[in-house]
$ cat model_6.csv   # CSV, C-alpha atoms and all ligand atoms
chain,number,residue,atom,x,y,z
A,549,MET,CA,0.0,0.0,0.0
A,550,ALA,CA,1.2,3.5,-0.7
A,551,ASN,CA,-0.1,6.8,0.7
A,552,ALA,CA,-1.7,9.2,-1.8
A,553,GLN,CA,-2.6,12.8,-1.4
A,554,GLY,CA,-5.5,14.3,-3.3
A,555,TYR,CA,-8.7,16.3,-3.2
A,556,ALA,CA,-12.1,14.8,-2.6
A,557,VAL,CA,-15.8,15.6,-2.5
A,558,LEU,CA,-17.2,14.4,0.8
A,559,ASN,CA,-20.8,15.0,0.0
A,560,PRO,CA,-22.6,16.4,-3.1
A,561,LYS,CA,-23.3,19.8,-1.5
A,562,ALA,CA,-19.8,20.3,-0.3
A,563,GLU,CA,-16.7,21.8,-1.8
A,564,LEU,CA,-13.6,19.6,-2.5
A,565,VAL,CA,-11.1,19.3,0.3
A,566,PRO,CA,-7.6,17.9,0.8
A,567,PHE,CA,-7.9,14.1,1.2
A,568,SER,CA,-5.3,11.5,2.2
A,569,PHE,CA,-5.9,7.8,1.3
A,570,GLU,CA,-4.1,4.5,0.4
A,571,ARG,CA,-3.5,3.1,-3.1
A,572,ARG,CA,-3.4,-0.7,-3.3
A,573,ALA,CA,-0.2,-2.7,-3.1
A,574,LEU,CA,1.0,-3.5,-6.6
A,575,ARG,CA,-0.5,-6.7,-8.2
A,576,PRO,CA,1.7,-8.5,-10.7
A,577,GLY,CA,0.0,-6.7,-13.7
A,578,ASP,CA,-0.1,-3.3,-12.1
A,579,VAL,CA,1.6,0.0,-13.0
A,580,GLU,CA,2.2,2.6,-10.3
A,581,ILE,CA,2.1,6.1,-11.7
A,582,THR,CA,3.3,9.4,-10.2
A,583,ILE,CA,0.6,11.7,-11.6
A,584,SER,CA,2.0,14.8,-13.2
A,585,HIS,CA,-1.3,16.5,-14.3
A,586,ALA,CA,-5.0,15.8,-14.1
A,587,GLY,CA,-7.6,17.5,-16.3
A,588,ILE,CA,-10.9,18.8,-15.0
A,589,CYS,CA,-13.8,17.4,-17.1
A,590,HIS,CA,-17.3,18.7,-16.8
A,591,SER,CA,-18.3,15.1,-16.0
A,592,ASP,CA,-16.3,15.4,-12.7
A,593,ILE,CA,-18.7,18.3,-11.8
A,594,HIS,CA,-21.8,16.4,-12.8
A,595,GLN,CA,-20.8,13.4,-10.7
A,596,GLY,CA,-19.3,15.4,-7.7
A,597,ARG,CA,-22.6,17.3,-7.5
A,598,GLU,CA,-24.7,14.1,-8.0
A,599,GLU,CA,-26.4,15.5,-11.1
A,600,TRP,CA,-26.4,12.0,-12.8
A,601,GLY,CA,-28.0,10.1,-9.9
A,602,GLN,CA,-26.5,8.2,-7.0
A,603,ALA,CA,-22.8,8.7,-6.5
A,604,LEU,CA,-20.2,7.3,-4.2
A,605,PHE,CA,-18.6,9.6,-1.5
A,606,PRO,CA,-15.9,10.4,-0.6
A,607,MET,CA,-15.2,10.9,-4.3
A,608,VAL,CA,-11.7,11.7,-5.6
A,609,PRO,CA,-12.7,12.8,-9.2
A,610,GLY,CA,-10.4,12.9,-12.2
A,611,HIS,CA,-10.2,10.7,-15.4
A,612,GLU,CA,-7.8,12.7,-17.5
A,613,ILE,CA,-4.5,11.5,-16.0
A,614,VAL,CA,-0.9,11.8,-17.3
A,615,GLY,CA,2.2,10.9,-15.4
A,616,ARG,CA,5.4,8.8,-15.2
A,617,VAL,CA,5.7,5.2,-14.3
A,618,LYS,CA,7.1,4.9,-10.7
A,619,SER,CA,7.2,1.1,-10.5
A,620,VAL,CA,5.7,-1.9,-12.2
A,621,GLY,CA,4.4,-5.3,-11.0
A,622,SER,CA,6.3,-8.5,-11.6
A,623,SER,CA,4.4,-9.5,-14.8
A,624,VAL,CA,4.2,-6.2,-16.5
A,625,THR,CA,5.6,-6.3,-20.0
A,626,GLY,CA,4.4,-3.1,-21.7
A,627,PHE,CA,5.8,-0.4,-19.4
A,628,SER,CA,8.9,0.5,-17.5
A,629,GLN,CA,10.0,2.9,-14.9
A,630,GLY,CA,10.1,6.6,-16.0
A,631,GLN,CA,7.9,6.1,-19.0
A,632,LEU,CA,5.3,8.8,-19.8
A,633,VAL,CA,1.8,7.3,-19.6
A,634,GLY,CA,-1.8,8.2,-19.5
A,635,VAL,CA,-5.0,6.8,-17.9
A,636,GLY,CA,-8.5,7.8,-19.0
A,637,VAL,CA,-12.1,7.3,-18.0
A,638,PHE,CA,-12.0,3.6,-17.1
A,639,ILE,CA,-9.5,1.3,-15.4
A,640,ASP,CA,-11.0,-2.1,-16.0
A,641,SER,CA,-13.8,-4.0,-17.8
A,642,CYS,CA,-14.9,-7.7,-18.1
A,643,ARG,CA,-12.3,-8.3,-20.8
A,644,LYS,CA,-14.4,-11.2,-22.2
A,645,CYS,CA,-17.4,-9.8,-23.9
A,646,GLU,CA,-17.6,-9.1,-27.6
A,647,ASN,CA,-17.0,-5.4,-27.1
A,648,CYS,CA,-14.1,-5.8,-24.8
A,649,VAL,CA,-12.5,-8.3,-27.2
A,650,ALA,CA,-13.0,-5.8,-30.0
A,651,GLY,CA,-11.1,-3.1,-27.9
A,652,LEU,CA,-14.3,-1.2,-27.2
A,653,GLN,CA,-14.1,-1.5,-23.5
A,654,GLN,CA,-16.2,1.6,-22.9
A,655,TYR,CA,-19.1,-0.4,-24.2
A,656,CYS,CA,-18.4,-3.5,-22.1
A,657,PHE,CA,-21.6,-5.7,-21.6
A,658,GLU,CA,-21.0,-5.6,-17.8
A,659,GLY,CA,-20.2,-1.9,-17.8
A,660,MET,CA,-16.7,-0.4,-17.7
A,661,THR,CA,-15.1,0.2,-14.3
A,662,GLY,CA,-14.8,3.9,-14.1
A,663,THR,CA,-11.6,5.6,-12.9
A,664,TYR,CA,-13.7,7.0,-10.0
A,665,ASN,CA,-17.2,7.0,-8.5
A,666,THR,CA,-17.5,3.3,-8.8
A,667,MET,CA,-16.5,0.1,-7.0
A,668,GLU,CA,-13.4,-1.8,-8.3
A,669,ARG,CA,-14.2,-5.2,-9.9
A,670,ASP,CA,-13.2,-6.9,-6.6
A,671,GLY,CA,-16.5,-5.4,-5.3
A,672,LYS,CA,-14.7,-4.2,-2.1
A,673,SER,CA,-12.8,-1.0,-2.8
A,674,VAL,CA,-13.9,2.3,-4.2
A,675,ALA,CA,-12.0,3.6,-7.2
A,676,TYR,CA,-10.3,6.9,-6.5
A,677,GLY,CA,-9.5,9.1,-9.5
A,678,GLY,CA,-6.8,11.5,-10.8
A,679,TYR,CA,-7.1,14.5,-8.5
A,680,SER,CA,-4.2,13.0,-6.6
A,681,ASN,CA,-0.4,12.5,-6.8
A,682,LEU,CA,-0.4,8.7,-7.3
A,683,ILE,CA,-2.4,6.0,-8.9
A,684,VAL,CA,-2.1,2.2,-9.4
A,685,VAL,CA,-3.7,0.8,-12.6
A,686,ASP,CA,-3.7,-2.6,-14.4
A,687,GLU,CA,-1.3,-2.3,-17.4
A,688,ASN,CA,-4.1,-3.2,-19.9
A,689,TYR,CA,-5.8,0.1,-19.1
A,690,VAL,CA,-2.7,2.4,-19.4
A,691,VAL,CA,-1.5,4.0,-22.6
A,692,ARG,CA,1.8,5.4,-23.9
A,693,VAL,CA,2.2,9.1,-24.3
A,694,PRO,CA,4.6,10.6,-26.9
A,695,GLU,CA,7.4,12.4,-25.2
A,696,SER,CA,7.3,15.2,-27.8
A,697,LEU,CA,4.0,16.6,-26.4
A,698,ASP,CA,3.5,19.3,-23.7
A,699,ILE,CA,2.6,17.1,-20.7
A,700,ALA,CA,0.0,19.4,-19.2
A,701,GLY,CA,-1.8,19.7,-22.5
A,702,VAL,CA,-1.8,15.9,-22.8
A,703,ALA,CA,-4.0,15.3,-19.7
A,704,PRO,CA,-7.3,16.4,-21.4
A,705,LEU,CA,-6.7,14.1,-24.3
A,706,MET,CA,-7.5,11.2,-22.0
A,707,CYS,CA,-11.2,12.0,-22.0
A,708,ALA,CA,-12.0,15.2,-23.9
A,709,GLY,CA,-9.6,14.2,-26.7
A,710,VAL,CA,-10.7,10.7,-27.3
A,711,THR,CA,-14.4,11.5,-26.9
A,712,LEU,CA,-14.2,13.7,-30.0
A,713,TYR,CA,-11.6,11.7,-31.9
A,714,SER,CA,-13.7,8.5,-31.8
A,715,PRO,CA,-16.9,9.8,-33.5
A,716,LEU,CA,-14.9,11.9,-36.0
A,717,ARG,CA,-13.1,8.6,-37.0
A,718,HIS,CA,-16.2,6.5,-36.8
A,719,TRP,CA,-18.2,8.8,-39.1
A,720,HIS,CA,-15.3,9.4,-41.4
A,721,ALA,CA,-14.6,13.1,-40.9
A,722,GLY,CA,-12.0,14.2,-43.6
A,723,PRO,CA,-11.6,16.2,-46.8
A,724,GLY,CA,-14.8,17.0,-48.5
A,725,LYS,CA,-16.9,16.5,-45.3
A,726,ARG,CA,-18.7,19.3,-43.6
A,727,VAL,CA,-18.6,18.9,-39.8
A,728,GLY,CA,-20.4,21.0,-37.1
A,729,ILE,CA,-19.3,21.2,-33.5
A,730,ILE,CA,-21.8,22.5,-31.0
A,731,GLY,CA,-20.1,24.1,-27.9
A,732,LEU,CA,-16.4,25.2,-27.8
A,733,GLY,CA,-15.5,23.8,-24.3
A,734,GLY,CA,-13.0,21.2,-23.2
A,735,LEU,CA,-14.5,18.6,-25.6
A,736,GLY,CA,-15.5,20.9,-28.4
A,737,HIS,CA,-12.1,22.5,-28.8
A,738,MET,CA,-10.4,19.1,-29.1
A,739,GLY,CA,-13.0,18.1,-31.8
A,740,LEU,CA,-12.2,21.3,-33.7
A,741,LYS,CA,-8.5,20.6,-33.6
A,742,PHE,CA,-8.9,17.0,-34.7
A,743,ALA,CA,-11.5,17.7,-37.4
A,744,HIS,CA,-9.1,20.4,-38.8
A,745,ALA,CA,-6.2,18.0,-38.7
A,746,MET,CA,-8.3,15.4,-40.5
A,747,GLY,CA,-9.0,18.0,-43.3
A,748,ALA,CA,-12.8,18.5,-42.8
A,749,HIS,CA,-14.6,21.8,-43.2
A,750,ILE,CA,-15.7,22.9,-39.7
A,751,THR,CA,-18.5,25.1,-38.4
A,752,VAL,CA,-18.4,25.9,-34.6
A,753,PHE,CA,-21.8,26.7,-33.0
A,754,SER,CA,-21.3,28.7,-29.8
A,755,HIS,CA,-23.7,30.4,-27.4
A,756,SER,CA,-21.8,33.7,-27.6
A,757,GLU,CA,-19.4,35.7,-29.8
A,758,LYS,CA,-16.6,35.5,-27.2
A,759,LYS,CA,-14.7,32.5,-28.6
A,760,LYS,CA,-14.8,33.5,-32.3
A,761,ALA,CA,-11.1,34.5,-32.6
A,762,ASP,CA,-9.9,31.4,-30.7
A,763,ALA,CA,-12.1,29.1,-32.9
A,764,GLN,CA,-10.6,30.6,-36.0
A,765,ALA,CA,-7.1,30.2,-34.7
A,766,MET,CA,-7.8,26.5,-34.0
A,767,GLY,CA,-9.0,26.0,-37.5
A,768,ALA,CA,-12.7,26.7,-37.7
A,769,ASP,CA,-13.9,27.7,-41.2
A,770,ASP,CA,-17.1,29.2,-39.8
A,771,PHE,CA,-18.2,30.4,-36.4
A,772,ILE,CA,-21.9,30.9,-35.7
A,773,ALA,CA,-23.0,32.3,-32.4
A,774,ASN,CA,-26.6,31.5,-31.5
A,775,PRO,CA,-27.8,30.4,-35.0
A,776,SER,CA,-31.0,32.1,-36.1
A,777,GLU,CA,-34.1,30.5,-37.8
A,778,GLU,CA,-32.8,32.1,-41.0
A,779,TYR,CA,-29.4,30.4,-40.6
A,780,PHE,CA,-31.1,27.0,-40.1
A,781,LYS,CA,-33.2,27.5,-43.2
A,782,LYS,CA,-30.4,28.7,-45.4
A,783,ASN,CA,-28.1,25.9,-44.4
A,784,SER,CA,-30.5,23.0,-44.3
A,785,ASN,CA,-29.2,19.8,-46.0
A,786,SER,CA,-25.6,20.8,-45.9
A,787,PHE,CA,-23.7,19.0,-43.0
A,788,ASP,CA,-22.4,15.4,-43.0
A,789,LEU,CA,-21.8,15.2,-39.3
A,790,ILE,CA,-22.6,17.4,-36.2
A,791,LEU,CA,-21.2,16.6,-32.8
A,792,ASN,CA,-23.2,18.1,-29.9
A,793,THR,CA,-20.9,18.6,-26.8
A,794,VAL,CA,-23.3,20.8,-24.7
A,795,SER,CA,-25.3,19.5,-21.8
A,796,VAL,CA,-28.1,22.0,-21.9
A,797,ASP,CA,-31.5,21.4,-23.6
A,798,LEU,CA,-31.0,22.4,-27.3
A,799,ASN,CA,-33.6,22.4,-30.1
A,800,LEU,CA,-32.3,19.3,-31.8
A,801,GLU,CA,-34.8,19.5,-34.6
A,802,SER,CA,-33.1,22.7,-35.9
A,803,TYR,CA,-29.6,21.1,-35.8
A,804,LEU,CA,-31.0,17.8,-37.4
A,805,SER,CA,-32.4,19.9,-40.3
A,806,LEU,CA,-28.9,21.0,-41.1
A,807,LEU,CA,-27.9,17.4,-42.0
A,808,ARG,CA,-27.9,16.2,-45.6
A,809,LEU,CA,-29.1,12.8,-46.6
A,810,ASP,CA,-27.7,10.1,-44.3
A,811,GLY,CA,-26.0,12.8,-42.1
A,812,THR,CA,-25.6,12.1,-38.4
A,813,LEU,CA,-26.0,14.2,-35.3
A,814,VAL,CA,-24.0,12.7,-32.5
A,815,LEU,CA,-25.0,13.4,-28.8
A,816,ILE,CA,-21.9,13.6,-26.6
A,817,GLY,CA,-23.0,16.0,-23.9
A,818,LEU,CA,-25.2,14.5,-21.2
A,819,PRO,CA,-28.1,16.7,-20.2
A,820,GLY,CA,-30.1,15.8,-17.1
A,821,LYS,CA,-33.4,15.7,-19.1
A,822,PRO,CA,-34.5,13.7,-22.2
A,823,TYR,CA,-34.6,15.5,-25.6
A,824,GLN,CA,-37.8,15.9,-27.6
A,825,VAL,CA,-37.2,14.9,-31.3
A,826,PRO,CA,-40.0,14.9,-33.9
A,827,ALA,CA,-39.7,11.8,-36.2
A,828,GLY,CA,-40.3,13.8,-39.4
A,829,VAL,CA,-36.9,15.6,-39.4
A,830,LEU,CA,-35.2,12.2,-39.2
A,831,LEU,CA,-37.1,10.2,-41.8
A,832,GLY,CA,-37.5,13.0,-44.3
A,833,LYS,CA,-33.7,12.7,-45.2
A,834,ARG,CA,-32.8,9.3,-43.6
A,835,ARG,CA,-30.9,11.3,-41.0
A,836,ARG,CA,-29.5,9.6,-37.9
A,837,LEU,CA,-29.4,10.7,-34.3
A,838,ALA,CA,-26.6,8.8,-32.5
A,839,GLY,CA,-24.6,8.8,-29.3
A,840,SER,CA,-20.9,8.2,-28.6
A,841,MET,CA,-19.0,7.6,-25.4
A,842,ILE,CA,-15.2,8.2,-25.0
A,843,GLY,CA,-13.1,5.6,-26.8
A,844,GLY,CA,-11.5,2.2,-26.2
A,845,ILE,CA,-7.9,1.5,-25.3
A,846,PRO,CA,-6.7,0.9,-28.9
A,847,GLU,CA,-8.4,4.1,-30.1
A,848,LEU,CA,-6.9,6.0,-27.1
A,849,GLN,CA,-3.5,4.9,-28.2
A,850,GLU,CA,-4.2,5.7,-31.8
A,851,MET,CA,-5.3,9.2,-30.8
A,852,LEU,CA,-2.2,9.8,-28.8
A,853,ASP,CA,0.0,8.7,-31.6
A,854,PHE,CA,-2.0,10.9,-34.0
A,855,CYS,CA,-1.4,13.8,-31.6
A,856,GLY,CA,2.3,13.1,-31.5
A,857,GLU,CA,2.5,13.1,-35.2
A,858,LYS,CA,0.4,16.3,-35.6
A,859,GLN,CA,1.6,18.0,-32.4
A,860,ILE,CA,-1.9,18.4,-31.0
A,861,VAL,CA,-2.6,19.0,-27.4
A,862,SER,CA,-5.4,20.7,-25.4
A,863,ASP,CA,-5.2,24.5,-24.6
A,864,VAL,CA,-4.9,24.4,-20.9
A,865,GLU,CA,-4.9,26.6,-17.8
A,866,VAL,CA,-2.7,24.9,-15.2
A,867,ILE,CA,-3.8,25.4,-11.6
A,868,ASP,CA,-2.7,24.4,-8.1
A,869,PRO,CA,-5.0,22.1,-6.1
A,870,ASP,CA,-6.3,24.9,-3.9
A,871,TYR,CA,-7.9,26.4,-7.0
A,872,ILE,CA,-10.0,23.3,-7.9
A,873,ASN,CA,-13.3,24.7,-6.4
A,874,LYS,CA,-12.9,28.0,-8.2
A,875,ALA,CA,-12.1,26.1,-11.4
A,876,TRP,CA,-15.3,24.1,-11.1
A,877,GLU,CA,-17.3,27.3,-10.8
A,878,ARG,CA,-15.5,28.8,-13.8
A,879,THR,CA,-16.1,25.6,-15.9
A,880,VAL,CA,-19.8,25.8,-15.2
A,881,ALA,CA,-19.8,29.4,-16.3
A,882,SER,CA,-18.0,28.5,-19.6
A,883,ASP,CA,-15.1,30.6,-18.4
A,884,VAL,CA,-12.2,28.4,-19.3
A,885,LYS,CA,-9.7,28.3,-22.2
A,886,TYR,CA,-10.2,25.5,-22.7
A,887,ARG,CA,-9.4,23.0,-20.0
A,888,PHE,CA,-8.3,23.4,-16.4
A,889,VAL,CA,-5.4,21.0,-15.6
A,890,ILE,CA,-4.2,20.4,-12.0
A,891,ASP,CA,-0.5,20.4,-11.3
A,892,ALA,CA,-0.5,17.1,-9.3
A,893,SER,CA,3.0,17.7,-8.0
A,894,LYS,CA,1.4,20.3,-5.7
A,895,PHE,CA,-0.9,17.9,-3.8
B,1,LIG,P1,-17.3,22.3,-20.9
B,1,LIG,O1,-15.8,22.4,-21.0
B,1,LIG,O2,-18.0,22.9,-19.7
B,1,LIG,O3,-17.9,22.7,-22.3
B,1,LIG,C1,-19.3,22.8,-22.5
B,1,LIG,C2,-19.6,23.9,-23.5
B,1,LIG,O4,-21.0,23.9,-23.7
B,1,LIG,C3,-19.3,25.3,-23.0
B,1,LIG,O5,-17.9,25.6,-23.2
B,1,LIG,C4,-20.2,26.1,-23.9
B,1,LIG,O6,-19.6,26.3,-25.2
B,1,LIG,C5,-21.4,25.2,-24.1
B,1,LIG,N1,-22.4,25.7,-23.2
B,1,LIG,C6,-22.4,25.9,-21.8
B,1,LIG,N2,-23.5,26.5,-21.4
B,1,LIG,C7,-24.3,26.6,-22.4
B,1,LIG,C8,-25.6,27.1,-22.6
B,1,LIG,N3,-26.3,27.6,-21.6
B,1,LIG,N4,-26.2,27.1,-23.8
B,1,LIG,C9,-25.5,26.6,-24.9
B,1,LIG,N5,-24.2,26.1,-24.8
B,1,LIG,C10,-23.6,26.1,-23.6
B,1,LIG,O7,-17.7,20.7,-20.8
B,1,LIG,P2,-16.9,19.5,-21.4
B,1,LIG,O8,-16.0,18.9,-20.4
B,1,LIG,O9,-16.5,19.8,-22.7
B,1,LIG,O10,-18.2,18.4,-21.4
B,1,LIG,C11,-19.3,18.7,-22.2
B,1,LIG,C12,-20.4,17.6,-21.9
B,1,LIG,O11,-19.9,16.3,-22.4
B,1,LIG,C13,-20.7,17.4,-20.4
B,1,LIG,O12,-22.0,17.1,-20.3
B,1,LIG,C14,-19.9,16.1,-20.1
B,1,LIG,O13,-20.4,15.4,-19.0
B,1,LIG,C15,-20.0,15.3,-21.3
B,1,LIG,N6,-19.0,14.3,-21.6
B,1,LIG,C16,-19.4,13.3,-22.4
B,1,LIG,C17,-18.5,12.3,-22.7
B,1,LIG,C18,-18.9,11.1,-23.5
B,1,LIG,O14,-18.1,10.1,-23.6
B,1,LIG,N7,-20.0,11.2,-24.3
B,1,LIG,C19,-17.2,12.4,-22.2
B,1,LIG,C20,-16.8,13.5,-21.5
B,1,LIG,C21,-17.7,14.5,-21.2
B,1,LIG,P3,-19.8,27.7,-26.0
B,1,LIG,O15,-19.3,28.8,-25.0
B,1,LIG,O16,-19.0,27.6,-27.2
B,1,LIG,O17,-21.3,27.8,-26.3
B,2,ZN,ZN,-14.5,13.3,-18.9
B,3,ZN,ZN,-16.7,-6.5,-21.4

$ encode --input "model_6.csv" --output "structure tokens" --more "lines below"
Ligand code: NAP
Ligand code: ZN
Ligand code: ZN
Amino acid sequence: MANAQGYAVLNPKAELVPFSFERRALRPGDVEITISHAGICHSDIHQGREEWGQALFPMVPGHEIVGRVKSVGSSVTGFSQGQLVGVGVFIDSCRKCENCVAGLQQYCFEGMTGTYNTMERDGKSVAYGGYSNLIVVDENYVVRVPESLDIAGVAPLMCAGVTLYSPLRHWHAGPGKRVGIIGLGGLGHMGLKFAHAMGAHITVFSHSEKKKADAQAMGADDFIANPSEEYFKKNSNSFDLILNTVSVDLNLESYLSLLRLDGTLVLIGLPGKPYQVPAGVLLGKRRRLAGSMIGGIPELQEMLDFCGEKQIVSDVEVIDPDYINKAWERTVASDVKYRFVIDASKF
């Protein structure tokens, strides 16, 4: 067992506070990682505030983890001491179902084991996440990070990055494809960078004019703040793929009307309430409404290698742990450019 220092939510109405706890003793297949940086994902806030239903407290959030291998268990073959590595949204799965075997562990039949806010698969211990200085993870759920990338900017790739990379690849974003991204937050700005690197034509939909210059600098071809009825009419039947990263109630019918024949609107943000969608807007042009959740381990590795090749990282604001509560407030207010990342050496 090793002592770890972090920050935890003790109950959903409380602020995060310093928290000391134990990490498990290394099993043969485990990798012990000294965390360098941990990103703040909006999902941390949804769960810490119990906005998605019952949660486990105390909760050490954090599923955008980057750090260096401190030690490895006796049977570990893929990693060695000092190596730069990452851990994302899950740390285990059943490993046997069709989806796990296909490398799509996020869609495990038994449910993935989240990096936090869940019981480990032994059914006894609670998983504690990345807002801490140390973590122990089975090597099958750890990925290699290219040394050429800025380490703080890598952390958000582990959730925000792969969550947008995966649907862009699945629905073949690339040259000649018109892609829309709704919301330029932590997820949205990664989607913009990836879609640009893949060669697609990109329109960013935002709820204010504030991020226009940033969006253009990141490769947006068009930037539309609060699209009007007239915009929706003029641009109907023109998009191949739209990725919705916001978690507020949007008029999906309007965005669906922008899709051309066989176009797809992918839900990525998770609002608390169900959407209302009239069937007509779907069947009239064989449009699809889909969802997508993070990415599996092979895709996470593929994305990191792609980032190494294209020199893509997240735009981050690095903070000390005592700023986490303020950072949560600012994230909720869309006041972040474009991801808060905690310097884990300060825990
Ligand atoms: P974020 O950084 O807070 O970004 C969300 C963006 O939504 C904001 O930057 C803002 O962009 C837009 N927005 C905020 N309030 C709005 C409003 N009132 N009306 C319209 N747009 C608004 O959050 P994130 O970390 O990117 O996460 C986004 C969502 O994805 C969350 O619900 C999170 O839980 C979910 N998520 C899903 C997955 C998955 O696997 N599917 C993975 C991770 C996270 P603009 O200022 O540009 O409008
Ligand atoms: Zn996340
Ligand atoms: Zn499985």

$ residues_near_ligand --input "model_6.csv" --ligand "ligand ZN 3 (chain B)" --cutoff "10 Å" --atoms "all atoms listed in the file" --output "count of residues only"
22

$ closest_residue --input "model_6.csv" --among "A:Ala550, A:Ala743, A:Ile730, A:Ile683" --to "Leu798 in chain A" --atoms "only C-alpha atoms"
A:Ile730

$ residues_near_ligand --input "model_6.csv" --ligand "ligand ZN 2 (chain B)" --cutoff "9 Å" --atoms "only C-alpha atoms and all ligand atoms" --output "MDAnalysis selection string"
chainID A and resid 587:592 610:612 636:637 704 706:708 711 735 842

$ closest_residue --input "model_6.csv" --among "A:Pro566, A:Gly615, A:Gly634, A:Pro715" --to "ligand LIG 1 (chain B)" --atoms "all atoms listed in the file"
A:Pro715

$ closest_residue --input "model_6.csv" --among "A:Trp876, A:Phe787, A:Trp719, A:Phe780" --to "ligand LIG 1 (chain B)" --atoms "all atoms listed in the file"
A:Trp876

$ residues_around --input "model_6.csv" --residues "His744 in chain A" --least-positions-apart "6" --cutoff "10 Å" --atoms "only C-alpha atoms" --output "PDB file with C-alpha atoms, in the frame of the given file"
ATOM      1  CA  ALA A 721     -14.600  13.100 -40.900  1.00  0.00           C
ATOM      2  CA  GLY A 722     -12.000  14.200 -43.600  1.00  0.00           C
ATOM      3  CA  PRO A 723     -11.600  16.200 -46.800  1.00  0.00           C
ATOM      4  CA  VAL A 727     -18.600  18.900 -39.800  1.00  0.00           C
ATOM      5  CA  MET A 738     -10.400  19.100 -29.100  1.00  0.00           C
ATOM      6  CA  ILE A 750     -15.700  22.900 -39.700  1.00  0.00           C
ATOM      7  CA  MET A 766      -7.800  26.500 -34.000  1.00  0.00           C
ATOM      8  CA  GLY A 767      -9.000  26.000 -37.500  1.00  0.00           C
ATOM      9  CA  ALA A 768     -12.700  26.700 -37.700  1.00  0.00           C
ATOM     10  CA  ASP A 769     -13.900  27.700 -41.200  1.00  0.00           C
TER      11      ASP A 769
END

$ residues_around --input "model_6.csv" --residues "Asp853 in chain A" --least-positions-apart "6" --cutoff "9 Å" --atoms "only C-alpha atoms" --output "ChimeraX atom specification"
/A:692-694

$ write_last_selection --input "model_6.csv" --atoms "C-alpha atoms" --output "tab-separated table (two decimals), in the frame of the given file"
chain	number	residue	atom	x	y	z
A	692	ARG	CA	1.80	5.40	-23.90
A	693	VAL	CA	2.20	9.10	-24.30
A	694	PRO	CA	4.60	10.60	-26.90

$ residues_around --input "model_6.csv" --residues "His718 in chain A" --least-positions-apart "3" --cutoff "12 Å" --atoms "all atoms listed in the file" --output "VMD selection string"
chain A and resid 710 to 715 721 to 722 789 791 812 814 838 to 843 847

$ closest_residue --input "model_6.csv" --among "A:Ala603, A:Arg726, A:Phe753, A:Asp883" --to "Arg808 in chain A" --atoms "all atoms listed in the file"
A:Arg726

$ atom_distance --input "model_6.csv" --atom1 "CA of Gly626 in chain A" --atom2 "CA of Arg575 in chain A"
14.8 Å

$ atom_distance --input "model_6.csv" --atom1 "CA of Ile639 in chain A" --atom2 "CA of Asn688 in chain A"
8.3 Å

$ residues_near_point --input "model_6.csv" --point "(2.0, 11.5, -8.6)" --cutoff "8 Å" --atoms "all atoms listed in the file" --output "count of residues only"
12

$ atom_distance --input "model_6.csv" --atom1 "CA of Val691 in chain A" --atom2 "CA of Gln859 in chain A"
17.4 Å

$ closest_residue --input "model_6.csv" --among "A:Gly577, A:Gly811, A:Gly820, A:Gly728" --to "ligand LIG 1 (chain B)" --atoms "only C-alpha atoms and all ligand atoms"
A:Gly820

$ closest_residue --input "model_6.csv" --among "A:Gly621, A:Pro826, A:Gly739, A:Pro846" --to "ligand LIG 1 (chain B)" --atoms "only C-alpha atoms and all ligand atoms"
A:Gly739

$ residues_around --input "model_6.csv" --residues "range 886-891 of chain A" --least-positions-apart "3" --cutoff "6 Å" --atoms "only C-alpha atoms" --output "number ranges by chain"
A: 585-588, 733-734, 863-868, 894

$ decode --input "model_6.csv" --residues "range 865-884 of chain A" --atoms "C-alpha atoms" --output "short mmCIF file (atom, residue, chain, number, x, y, z; two decimals), in the first residue's frame"
data_model
loop_
_atom_site.label_atom_id
_atom_site.label_comp_id
_atom_site.auth_asym_id
_atom_site.auth_seq_id
_atom_site.Cartn_x
_atom_site.Cartn_y
_atom_site.Cartn_z
CA GLU A 865 -4.87 26.64 -17.80
CA VAL A 866 -2.66 24.90 -15.23
CA ILE A 867 -3.80 25.37 -11.63
CA ASP A 868 -2.74 24.41 -8.12
CA PRO A 869 -5.03 22.07 -6.14
CA ASP A 870 -6.34 24.88 -3.92
CA TYR A 871 -7.92 26.43 -7.04
CA ILE A 872 -10.03 23.35 -7.95
CA ASN A 873 -13.28 24.67 -6.41
CA LYS A 874 -12.93 27.97 -8.25
CA ALA A 875 -12.06 26.08 -11.44
CA TRP A 876 -15.30 24.06 -11.15
CA GLU A 877 -17.28 27.30 -10.83
CA ARG A 878 -15.53 28.80 -13.84
CA THR A 879 -16.09 25.63 -15.91
CA VAL A 880 -19.82 25.77 -15.19
CA ALA A 881 -19.78 29.43 -16.31
CA SER A 882 -17.98 28.46 -19.60
CA ASP A 883 -15.07 30.62 -18.40
CA VAL A 884 -12.16 28.36 -19.29
#
